[in-house]
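Chemist: Dropping the structure in here first, questions after.
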Amino acid sequence: MLVLLFRILSKLPLPALHALGSALGWLVYACSPSYRRRMKANMLRAGFAGQLPQAIAESGKSIVELAFVWCADPRRVARLTHVDNMELVAQAKALGRGVIFLTPHLGCFEMTAQALAHTGPLTVMYRPPKKKSLVPLIEGARARTNLMLAPANFSGVRILAKALKKGQPIGILPDQVPQHGDGAWAEFFGLPAYTMTLPIKLQQMSGAVVILTYAERLPYGRGYLVRFLPFEQDLSGTIEQQARAVNIAMEKLIATCPAQYFWSYNRYKTPDGVSRQDAVEQGATSDEKAEEKSL
């Protein structure tokens with residue numbers, strides 16, 4: 001049913017989809033107290049509370065536009081995709097060491113993979129949906145020409161490592177909360193967050209070039225601008241310092257268009273089996289939830 005709905009929606013013009021998405025964003029914000037508290041708390045902590053109205057609309061667009069990104073004719077999607085600094089990607093690929101693209105939940109992050117797949121093979125890590133009914137839609141839509149999927153588990157890590165060994169690029173969402181044992185506590189917008197260490201380990205293992213990327217959603221449904229930027233942080237030091245370096249890069253990237261970040265994501269949750277004590281020692285407090293409820 002959901003696949004059929006997305007296929008129907010994909011026929012609509014992108015401006016119409018974004019208009020629907022804006023309405024959806026406000027509807028969810030009005031109906032879900034927990035969603036509303038988390039979004040407000042995260043934006044306030046990061047210093048972007050003034051952009052809350054825009055972020056509410058953009059969050060809805062990020063859902064509805066998936067019908068266009070996943071199900072519309074690829075040629076139609078390509079016509080609305082603009083790319084900035086592709087020469088950076090070409091230079092990195094020419095080195096033959098592989099490329100690690102770090103893409104936070106910013107803008108239409110699904111579009112970055114689509115744009116890169118037009119230039120050659122790309123393997124991206126993804127977390128399989130918990131609901132089996134979503135598998136045909138998500139996996140079928142993402143696995144397009146030149147785009148391979150690696151599940152967020154040990155077998156997926158091996159797939160990513162093999163791709164880098166071949167000199168091929170991979171894509172990872174570094175601001176996604178990892179599972180137990182796959183991360184380190186590092187500050188993210190002023191509060192310790194359990195941060196993925198996989199990109200760091202893969203880079204150190206392969207010597208791959210790290211590139212930051214995101215797809216900015218253009219106003220009035222005019223399409224997307226996929227941007228590529230060099231990773232300029234120092235990845236030496238302890239694993240916690242390395243994780244903090246990745247978070248600093250993400251913070252700078254998010255600051256370029258903060259209204260389009262996925263602020264409702266529970267970035268500060270503690271995964272099962274992970275000790276919160278280390279985070280408490282770094283400044284996290286047990287009344288975090290109380291702080292959110294007070295907003």
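Note on naming: chains are A, B, ... as they come in the structure tokens, residues start from 1 per chain, ligands start from 1 in the order shown.
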With DSSP run on the backbone, what are the strand (DSSP E or B) residues within segment 89-248 of chain A? I'd like them as a PyMOL selection string.

Modeler: chain A and resi 99-102+106-107+122-126+147-151+169-172+183-188+191-196+209-217+224-230

Chemist: Atoms to include: C-alpha atoms. Write the selected residues as an mmCIF file, in the first residue's frame.

Modeler:
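Contents of selection-v9.cif, freshly written:
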```cif
data_model
loop_
_atom_site.group_PDB
_atom_site.id
_atom_site.type_symbol
_atom_site.label_atom_id
_atom_site.label_comp_id
_atom_site.auth_asym_id
_atom_site.auth_seq_id
_atom_site.Cartn_x
_atom_site.Cartn_y
_atom_site.Cartn_z
ATOM 1 C CA VAL A 99 36.483 8.014 -0.621
ATOM 2 C CA ILE A 100 34.369 8.216 2.538
ATOM 3 C CA PHE A 101 31.409 10.570 2.123
ATOM 4 C CA LEU A 102 30.042 11.789 5.456
ATOM 5 C CA LEU A 106 20.821 17.551 6.650
ATOM 6 C CA GLY A 107 18.652 18.581 3.725
ATOM 7 C CA LEU A 122 28.778 3.870 -4.475
ATOM 8 C CA THR A 123 28.155 1.727 -1.394
ATOM 9 C CA VAL A 124 26.110 3.299 1.398
ATOM 10 C CA MET A 125 25.440 2.048 4.904
ATOM 11 C CA TYR A 126 21.813 1.947 5.963
ATOM 12 C CA LEU A 147 24.130 2.206 -5.742
ATOM 13 C CA MET A 148 24.841 -0.706 -3.400
ATOM 14 C CA LEU A 149 23.560 -1.112 0.147
ATOM 15 C CA ALA A 150 25.464 -2.252 3.237
ATOM 16 C CA PRO A 151 23.363 -3.032 6.334
ATOM 17 C CA PRO A 169 33.602 5.392 -2.520
ATOM 18 C CA ILE A 170 31.269 4.712 0.395
ATOM 19 C CA GLY A 171 28.666 6.816 2.203
ATOM 20 C CA ILE A 172 27.886 6.957 5.946
ATOM 21 C CA GLY A 183 30.833 4.490 19.254
ATOM 22 C CA ALA A 184 32.331 6.891 21.766
ATOM 23 C CA TRP A 185 30.906 9.734 23.818
ATOM 24 C CA ALA A 186 31.743 13.097 22.244
ATOM 25 C CA GLU A 187 30.220 16.544 22.514
ATOM 26 C CA PHE A 188 27.667 17.504 19.877
ATOM 27 C CA LEU A 191 26.047 17.855 25.112
ATOM 28 C CA PRO A 192 27.764 14.436 25.010
ATOM 29 C CA ALA A 193 26.312 12.206 22.295
ATOM 30 C CA TYR A 194 27.205 8.581 21.586
ATOM 31 C CA THR A 195 29.030 9.060 18.282
ATOM 32 C CA MET A 196 29.831 6.616 15.498
ATOM 33 C CA VAL A 209 39.869 10.654 1.504
ATOM 34 C CA VAL A 210 37.028 12.012 3.649
ATOM 35 C CA ILE A 211 34.560 14.400 2.017
ATOM 36 C CA LEU A 212 31.569 16.126 3.596
ATOM 37 C CA THR A 213 28.403 16.327 1.553
ATOM 38 C CA TYR A 214 24.750 17.307 1.822
ATOM 39 C CA ALA A 215 21.902 18.206 -0.521
ATOM 40 C CA GLU A 216 20.399 21.594 0.265
ATOM 41 C CA ARG A 217 16.678 21.792 -0.461
ATOM 42 C CA TYR A 224 18.432 20.388 -4.747
ATOM 43 C CA LEU A 225 21.990 21.666 -4.578
ATOM 44 C CA VAL A 226 24.408 18.864 -3.705
ATOM 45 C CA ARG A 227 27.495 20.326 -2.049
ATOM 46 C CA PHE A 228 30.898 18.688 -1.520
ATOM 47 C CA LEU A 229 33.363 20.071 1.018
ATOM 48 C CA PRO A 230 36.755 18.866 2.286
#
```

Chemist: If you count only C-alpha atoms, which residues fall within 6 Å of segment 256-265 of chain A, apart from same-chain ones fewer than 4 positions away, as JSON, numbers by chain?

Modeler: {"A": [38, 39, 51, 54, 55, 58, 105, 106, 107]}

Chemist: At what distance in Å, to one decimal, does atom CA of Thr81 of chain A lie from atom CA of Gly223 of chain A?

Modeler: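 Computing it gives 5.9 Å between the two atoms.
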
Chemist: With a distance cut-off of 10 Å and only C-alpha atoms, select the neighbouring residues of Asp272 of chain A, excluding the residue or stretch itself and same-chain residues fewer than 3 positions from it, and output the selection as a PyMOL selection string.

Modeler: chain A and resi 179-180+269+275

Chemist: What does the file look like for those residues with N, CA and C atoms, as a CSV table (one decimal), in the first residue's frame?

Modeler:
```csv
chain,number,residue,atom,x,y,z
A,179,GLN,N,25.3,1.4,17.6
A,179,GLN,CA,25.0,0.3,18.5
A,179,GLN,C,26.1,0.2,19.6
A,180,HIS,N,25.8,-0.6,20.6
A,180,HIS,CA,26.8,-0.8,21.7
A,180,HIS,C,28.2,-1.2,21.1
A,269,LYS,N,20.3,9.9,22.8
A,269,LYS,CA,19.9,8.7,23.5
A,269,LYS,C,21.1,7.8,23.8
A,275,SER,N,27.2,2.4,28.8
A,275,SER,CA,27.2,3.0,30.0
A,275,SER,C,27.0,4.5,29.9
```

Chemist: Taking 3 positions as the minimum chain separation for residues in the same chain, which residues sit within 8 Å of Ala152 of chain A when counting only C-alpha atoms? Answer as a PyMOL selection string.

Modeler: chain A and resi 125-128+155-157

Chemist: Using only C-alpha atoms, which of A:Ala57, A:Ala92, A:Ile8, A:Val69 sits nearest Gln114 of chain A?

Modeler: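 Nearest candidate to Gln114 of chain A out of A:Ala57, A:Ala92, A:Ile8, A:Val69: A:Val69.
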
Chemist: Which one of A:Thr112, A:Arg7, A:Ala208, A:His18 sits closest to Ala94 of chain A if you count only C-alpha atoms?

Modeler: A:Ala208

Chemist: In terms of the shortest atom-to-atom distance over only C-alpha atoms, which of A:Tyr268, A:Phe189, A:Phe6, A:Phe109 is closest to Gly47 of chain A?

Modeler: A:Phe189

Chemist: Which residues, written as a PDB file with N, CA and C atoms, in the first residue's frame, have at least one atom at most 10 Å from segment 60-68 of chain A, with only C-alpha atoms counted and residues fewer than 2 positions away on the same chain left out?

Modeler:
```
ATOM      1  N   VAL A   3       3.997   1.523  -0.959  1.00  0.00           N
ATOM      2  CA  VAL A   3       4.710   1.624  -2.227  1.00  0.00           C
ATOM      3  C   VAL A   3       3.816   2.281  -3.280  1.00  0.00           C
ATOM      4  N   LEU A   5       1.271   4.280  -2.744  1.00  0.00           N
ATOM      5  CA  LEU A   5       1.075   5.686  -2.388  1.00  0.00           C
ATOM      6  C   LEU A   5       2.262   6.529  -2.834  1.00  0.00           C
ATOM      7  N   PHE A   6       3.468   6.041  -2.598  1.00  0.00           N
ATOM      8  CA  PHE A   6       4.656   6.791  -2.993  1.00  0.00           C
ATOM      9  C   PHE A   6       4.749   6.932  -4.509  1.00  0.00           C
ATOM     10  N   ARG A   7       4.350   5.898  -5.218  1.00  0.00           N
ATOM     11  CA  ARG A   7       4.388   5.974  -6.683  1.00  0.00           C
ATOM     12  C   ARG A   7       3.388   6.994  -7.212  1.00  0.00           C
ATOM     13  N   ILE A   8       2.240   7.069  -6.561  1.00  0.00           N
ATOM     14  CA  ILE A   8       1.242   8.073  -6.955  1.00  0.00           C
ATOM     15  C   ILE A   8       1.755   9.475  -6.653  1.00  0.00           C
ATOM     16  N   LEU A   9       2.304   9.664  -5.459  1.00  0.00           N
ATOM     17  CA  LEU A   9       2.821  10.975  -5.071  1.00  0.00           C
ATOM     18  C   LEU A   9       3.987  11.411  -5.954  1.00  0.00           C
ATOM     19  N   SER A  10       4.766  10.452  -6.438  1.00  0.00           N
ATOM     20  CA  SER A  10       5.936  10.788  -7.255  1.00  0.00           C
ATOM     21  C   SER A  10       5.565  11.452  -8.577  1.00  0.00           C
ATOM     22  N   LYS A  11       4.306  11.333  -8.968  1.00  0.00           N
ATOM     23  CA  LYS A  11       3.850  11.956 -10.216  1.00  0.00           C
ATOM     24  C   LYS A  11       3.625  13.458 -10.048  1.00  0.00           C
ATOM     25  N   LEU A  12       3.482  13.907  -8.798  1.00  0.00           N
ATOM     26  CA  LEU A  12       3.225  15.320  -8.542  1.00  0.00           C
ATOM     27  C   LEU A  12       4.492  16.146  -8.746  1.00  0.00           C
ATOM     28  N   PRO A  13       4.337  17.427  -9.099  1.00  0.00           N
ATOM     29  CA  PRO A  13       5.506  18.307  -9.194  1.00  0.00           C
ATOM     30  C   PRO A  13       6.151  18.470  -7.823  1.00  0.00           C
ATOM     31  N   LEU A  14       7.453  18.674  -7.802  1.00  0.00           N
ATOM     32  CA  LEU A  14       8.156  18.816  -6.539  1.00  0.00           C
ATOM     33  C   LEU A  14       7.622  19.975  -5.695  1.00  0.00           C
ATOM     34  N   PRO A  15       7.259  21.138  -6.283  1.00  0.00           N
ATOM     35  CA  PRO A  15       6.689  22.203  -5.443  1.00  0.00           C
ATOM     36  C   PRO A  15       5.417  21.757  -4.711  1.00  0.00           C
ATOM     37  N   ALA A  16       4.593  20.948  -5.371  1.00  0.00           N
ATOM     38  CA  ALA A  16       3.371  20.458  -4.721  1.00  0.00           C
ATOM     39  C   ALA A  16       3.715  19.503  -3.584  1.00  0.00           C
ATOM     40  N   LEU A  17       4.705  18.651  -3.790  1.00  0.00           N
ATOM     41  CA  LEU A  17       5.126  17.725  -2.738  1.00  0.00           C
ATOM     42  C   LEU A  17       5.676  18.480  -1.532  1.00  0.00           C
ATOM     43  N   HIS A  18       6.449  19.515  -1.789  1.00  0.00           N
ATOM     44  CA  HIS A  18       7.001  20.291  -0.684  1.00  0.00           C
ATOM     45  C   HIS A  18       5.916  21.066   0.051  1.00  0.00           C
ATOM     46  N   ALA A  19       4.893  21.497  -0.660  1.00  0.00           N
ATOM     47  CA  ALA A  19       3.768  22.165   0.008  1.00  0.00           C
ATOM     48  C   ALA A  19       3.035  21.189   0.924  1.00  0.00           C
ATOM     49  N   LEU A  20       2.820  19.974   0.431  1.00  0.00           N
ATOM     50  CA  LEU A  20       2.209  18.938   1.267  1.00  0.00           C
ATOM     51  C   LEU A  20       3.087  18.619   2.467  1.00  0.00           C
ATOM     52  N   GLY A  21       4.387  18.570   2.215  1.00  0.00           N
ATOM     53  CA  GLY A  21       5.321  18.266   3.285  1.00  0.00           C
ATOM     54  C   GLY A  21       5.320  19.319   4.375  1.00  0.00           C
ATOM     55  N   SER A  22       5.242  20.577   3.992  1.00  0.00           N
ATOM     56  CA  SER A  22       5.197  21.657   4.981  1.00  0.00           C
ATOM     57  C   SER A  22       3.982  21.504   5.889  1.00  0.00           C
ATOM     58  N   ALA A  23       2.841  21.199   5.274  1.00  0.00           N
ATOM     59  CA  ALA A  23       1.619  21.000   6.057  1.00  0.00           C
ATOM     60  C   ALA A  23       1.766  19.806   6.990  1.00  0.00           C
ATOM     61  N   LEU A  24       2.379  18.727   6.497  1.00  0.00           N
ATOM     62  CA  LEU A  24       2.596  17.541   7.328  1.00  0.00           C
ATOM     63  C   LEU A  24       3.501  17.866   8.510  1.00  0.00           C
ATOM     64  N   GLY A  25       4.553  18.645   8.247  1.00  0.00           N
ATOM     65  CA  GLY A  25       5.476  19.006   9.317  1.00  0.00           C
ATOM     66  C   GLY A  25       4.782  19.732  10.451  1.00  0.00           C
ATOM     67  N   TRP A  26       3.915  20.672  10.123  1.00  0.00           N
ATOM     68  CA  TRP A  26       3.184  21.414  11.153  1.00  0.00           C
ATOM     69  C   TRP A  26       2.155  20.536  11.859  1.00  0.00           C
ATOM     70  N   LEU A  27       1.558  19.605  11.120  1.00  0.00           N
ATOM     71  CA  LEU A  27       0.582  18.697  11.715  1.00  0.00           C
ATOM     72  C   LEU A  27       1.237  17.801  12.759  1.00  0.00           C
ATOM     73  N   VAL A  28       2.388  17.227  12.407  1.00  0.00           N
ATOM     74  CA  VAL A  28       3.102  16.356  13.349  1.00  0.00           C
ATOM     75  C   VAL A  28       3.560  17.156  14.560  1.00  0.00           C
ATOM     76  N   TYR A  29       4.054  18.350  14.314  1.00  0.00           N
ATOM     77  CA  TYR A  29       4.538  19.205  15.410  1.00  0.00           C
ATOM     78  C   TYR A  29       3.400  19.533  16.383  1.00  0.00           C
ATOM     79  N   ALA A  55      12.215  25.098  10.327  1.00  0.00           N
ATOM     80  CA  ALA A  55      12.598  23.698  10.551  1.00  0.00           C
ATOM     81  C   ALA A  55      11.389  22.786  10.610  1.00  0.00           C
ATOM     82  N   ILE A  56      10.286  23.272  11.155  1.00  0.00           N
ATOM     83  CA  ILE A  56       9.062  22.463  11.220  1.00  0.00           C
ATOM     84  C   ILE A  56       8.582  22.122   9.817  1.00  0.00           C
ATOM     85  N   ALA A  57       8.573  23.122   8.939  1.00  0.00           N
ATOM     86  CA  ALA A  57       8.143  22.889   7.562  1.00  0.00           C
ATOM     87  C   ALA A  57       9.123  21.989   6.817  1.00  0.00           C
ATOM     88  N   GLU A  58      10.425  22.237   7.017  1.00  0.00           N
ATOM     89  CA  GLU A  58      11.429  21.450   6.306  1.00  0.00           C
ATOM     90  C   GLU A  58      11.403  19.983   6.728  1.00  0.00           C
ATOM     91  N   TRP A  70      12.775   8.627  -4.498  1.00  0.00           N
ATOM     92  CA  TRP A  70      12.838   7.178  -4.632  1.00  0.00           C
ATOM     93  C   TRP A  70      12.067   6.639  -5.826  1.00  0.00           C
ATOM     94  N   CYS A  71      10.947   7.271  -6.166  1.00  0.00           N
ATOM     95  CA  CYS A  71      10.035   6.638  -7.129  1.00  0.00           C
ATOM     96  C   CYS A  71       9.865   7.369  -8.454  1.00  0.00           C
ATOM     97  N   ALA A  72      10.282   8.622  -8.537  1.00  0.00           N
ATOM     98  CA  ALA A  72      10.135   9.356  -9.795  1.00  0.00           C
ATOM     99  C   ALA A  72      11.154   8.862 -10.818  1.00  0.00           C
ATOM    100  N   ASP A  73      10.887   9.142 -12.083  1.00  0.00           N
ATOM    101  CA  ASP A  73      11.820   8.792 -13.149  1.00  0.00           C
ATOM    102  C   ASP A  73      13.185   9.406 -12.825  1.00  0.00           C
ATOM    103  N   PRO A  74      14.271   8.601 -12.815  1.00  0.00           N
ATOM    104  CA  PRO A  74      15.599   9.139 -12.487  1.00  0.00           C
ATOM    105  C   PRO A  74      16.008  10.323 -13.345  1.00  0.00           C
ATOM    106  N   ARG A  76      14.030  12.631 -14.454  1.00  0.00           N
ATOM    107  CA  ARG A  76      13.326  13.784 -13.897  1.00  0.00           C
ATOM    108  C   ARG A  76      14.011  14.274 -12.628  1.00  0.00           C
ATOM    109  N   VAL A  77      14.454  13.335 -11.797  1.00  0.00           N
ATOM    110  CA  VAL A  77      15.165  13.697 -10.579  1.00  0.00           C
ATOM    111  C   VAL A  77      16.478  14.401 -10.922  1.00  0.00           C
ATOM    112  N   HIS A 105      22.184  14.121   8.751  1.00  0.00           N
ATOM    113  CA  HIS A 105      20.752  14.211   8.440  1.00  0.00           C
ATOM    114  C   HIS A 105      20.407  15.671   8.122  1.00  0.00           C
ATOM    115  N   LEU A 106      20.947  16.145   7.028  1.00  0.00           N
ATOM    116  CA  LEU A 106      20.821  17.551   6.650  1.00  0.00           C
ATOM    117  C   LEU A 106      20.296  17.657   5.231  1.00  0.00           C
ATOM    118  N   GLY A 107      19.239  18.454   5.051  1.00  0.00           N
ATOM    119  CA  GLY A 107      18.652  18.581   3.725  1.00  0.00           C
ATOM    120  C   GLY A 107      18.082  17.258   3.252  1.00  0.00           C
ATOM    121  N   CYS A 108      18.150  17.021   1.964  1.00  0.00           N
ATOM    122  CA  CYS A 108      17.687  15.740   1.408  1.00  0.00           C
ATOM    123  C   CYS A 108      18.890  14.820   1.278  1.00  0.00           C
ATOM    124  N   PHE A 109      19.282  14.189   2.389  1.00  0.00           N
ATOM    125  CA  PHE A 109      20.501  13.386   2.377  1.00  0.00           C
ATOM    126  C   PHE A 109      20.389  12.180   1.450  1.00  0.00           C
ATOM    127  N   GLU A 110      19.168  11.750   1.131  1.00  0.00           N
ATOM    128  CA  GLU A 110      19.006  10.655   0.168  1.00  0.00           C
ATOM    129  C   GLU A 110      19.474  11.079  -1.228  1.00  0.00           C
ATOM    130  N   MET A 111      19.385  12.390  -1.512  1.00  0.00           N
ATOM    131  CA  MET A 111      19.743  12.879  -2.833  1.00  0.00           C
ATOM    132  C   MET A 111      21.245  12.829  -3.084  1.00  0.00           C
ATOM    133  N   LEU A 137       9.868  -0.976  -0.177  1.00  0.00           N
ATOM    134  CA  LEU A 137       9.932   0.426  -0.569  1.00  0.00           C
ATOM    135  C   LEU A 137      11.335   0.987  -0.384  1.00  0.00           C
ATOM    136  N   ILE A 138      11.899   0.827   0.802  1.00  0.00           N
ATOM    137  CA  ILE A 138      13.179   1.455   1.115  1.00  0.00           C
ATOM    138  C   ILE A 138      14.341   0.796   0.380  1.00  0.00           C
ATOM    139  N   ALA A 141      13.920   1.131  -3.539  1.00  0.00           N
ATOM    140  CA  ALA A 141      14.125   2.481  -4.040  1.00  0.00           C
ATOM    141  C   ALA A 141      15.588   2.898  -3.965  1.00  0.00           C
ATOM    142  N   ARG A 217      17.999  21.708   0.160  1.00  0.00           N
ATOM    143  CA  ARG A 217      16.678  21.792  -0.461  1.00  0.00           C
ATOM    144  C   ARG A 217      16.447  23.228  -0.920  1.00  0.00           C
ATOM    145  N   GLY A 221      10.469  24.473  -4.327  1.00  0.00           N
ATOM    146  CA  GLY A 221      10.519  23.228  -5.082  1.00  0.00           C
ATOM    147  C   GLY A 221      11.393  23.284  -6.314  1.00  0.00           C
ATOM    148  N   GLN A 260      17.294  22.983   7.883  1.00  0.00           N
ATOM    149  CA  GLN A 260      17.089  21.733   7.166  1.00  0.00           C
ATOM    150  C   GLN A 260      17.695  20.526   7.874  1.00  0.00           C
ATOM    151  N   TYR A 261      18.141  20.693   9.112  1.00  0.00           N
ATOM    152  CA  TYR A 261      18.652  19.549   9.865  1.00  0.00           C
ATOM    153  C   TYR A 261      17.497  18.807  10.524  1.00  0.00           C
ATOM    154  N   PHE A 262      17.698  17.524  10.766  1.00  0.00           N
ATOM    155  CA  PHE A 262      16.673  16.650  11.336  1.00  0.00           C
ATOM    156  C   PHE A 262      16.699  16.787  12.856  1.00  0.00           C
TER     157      PHE A 262
END
```
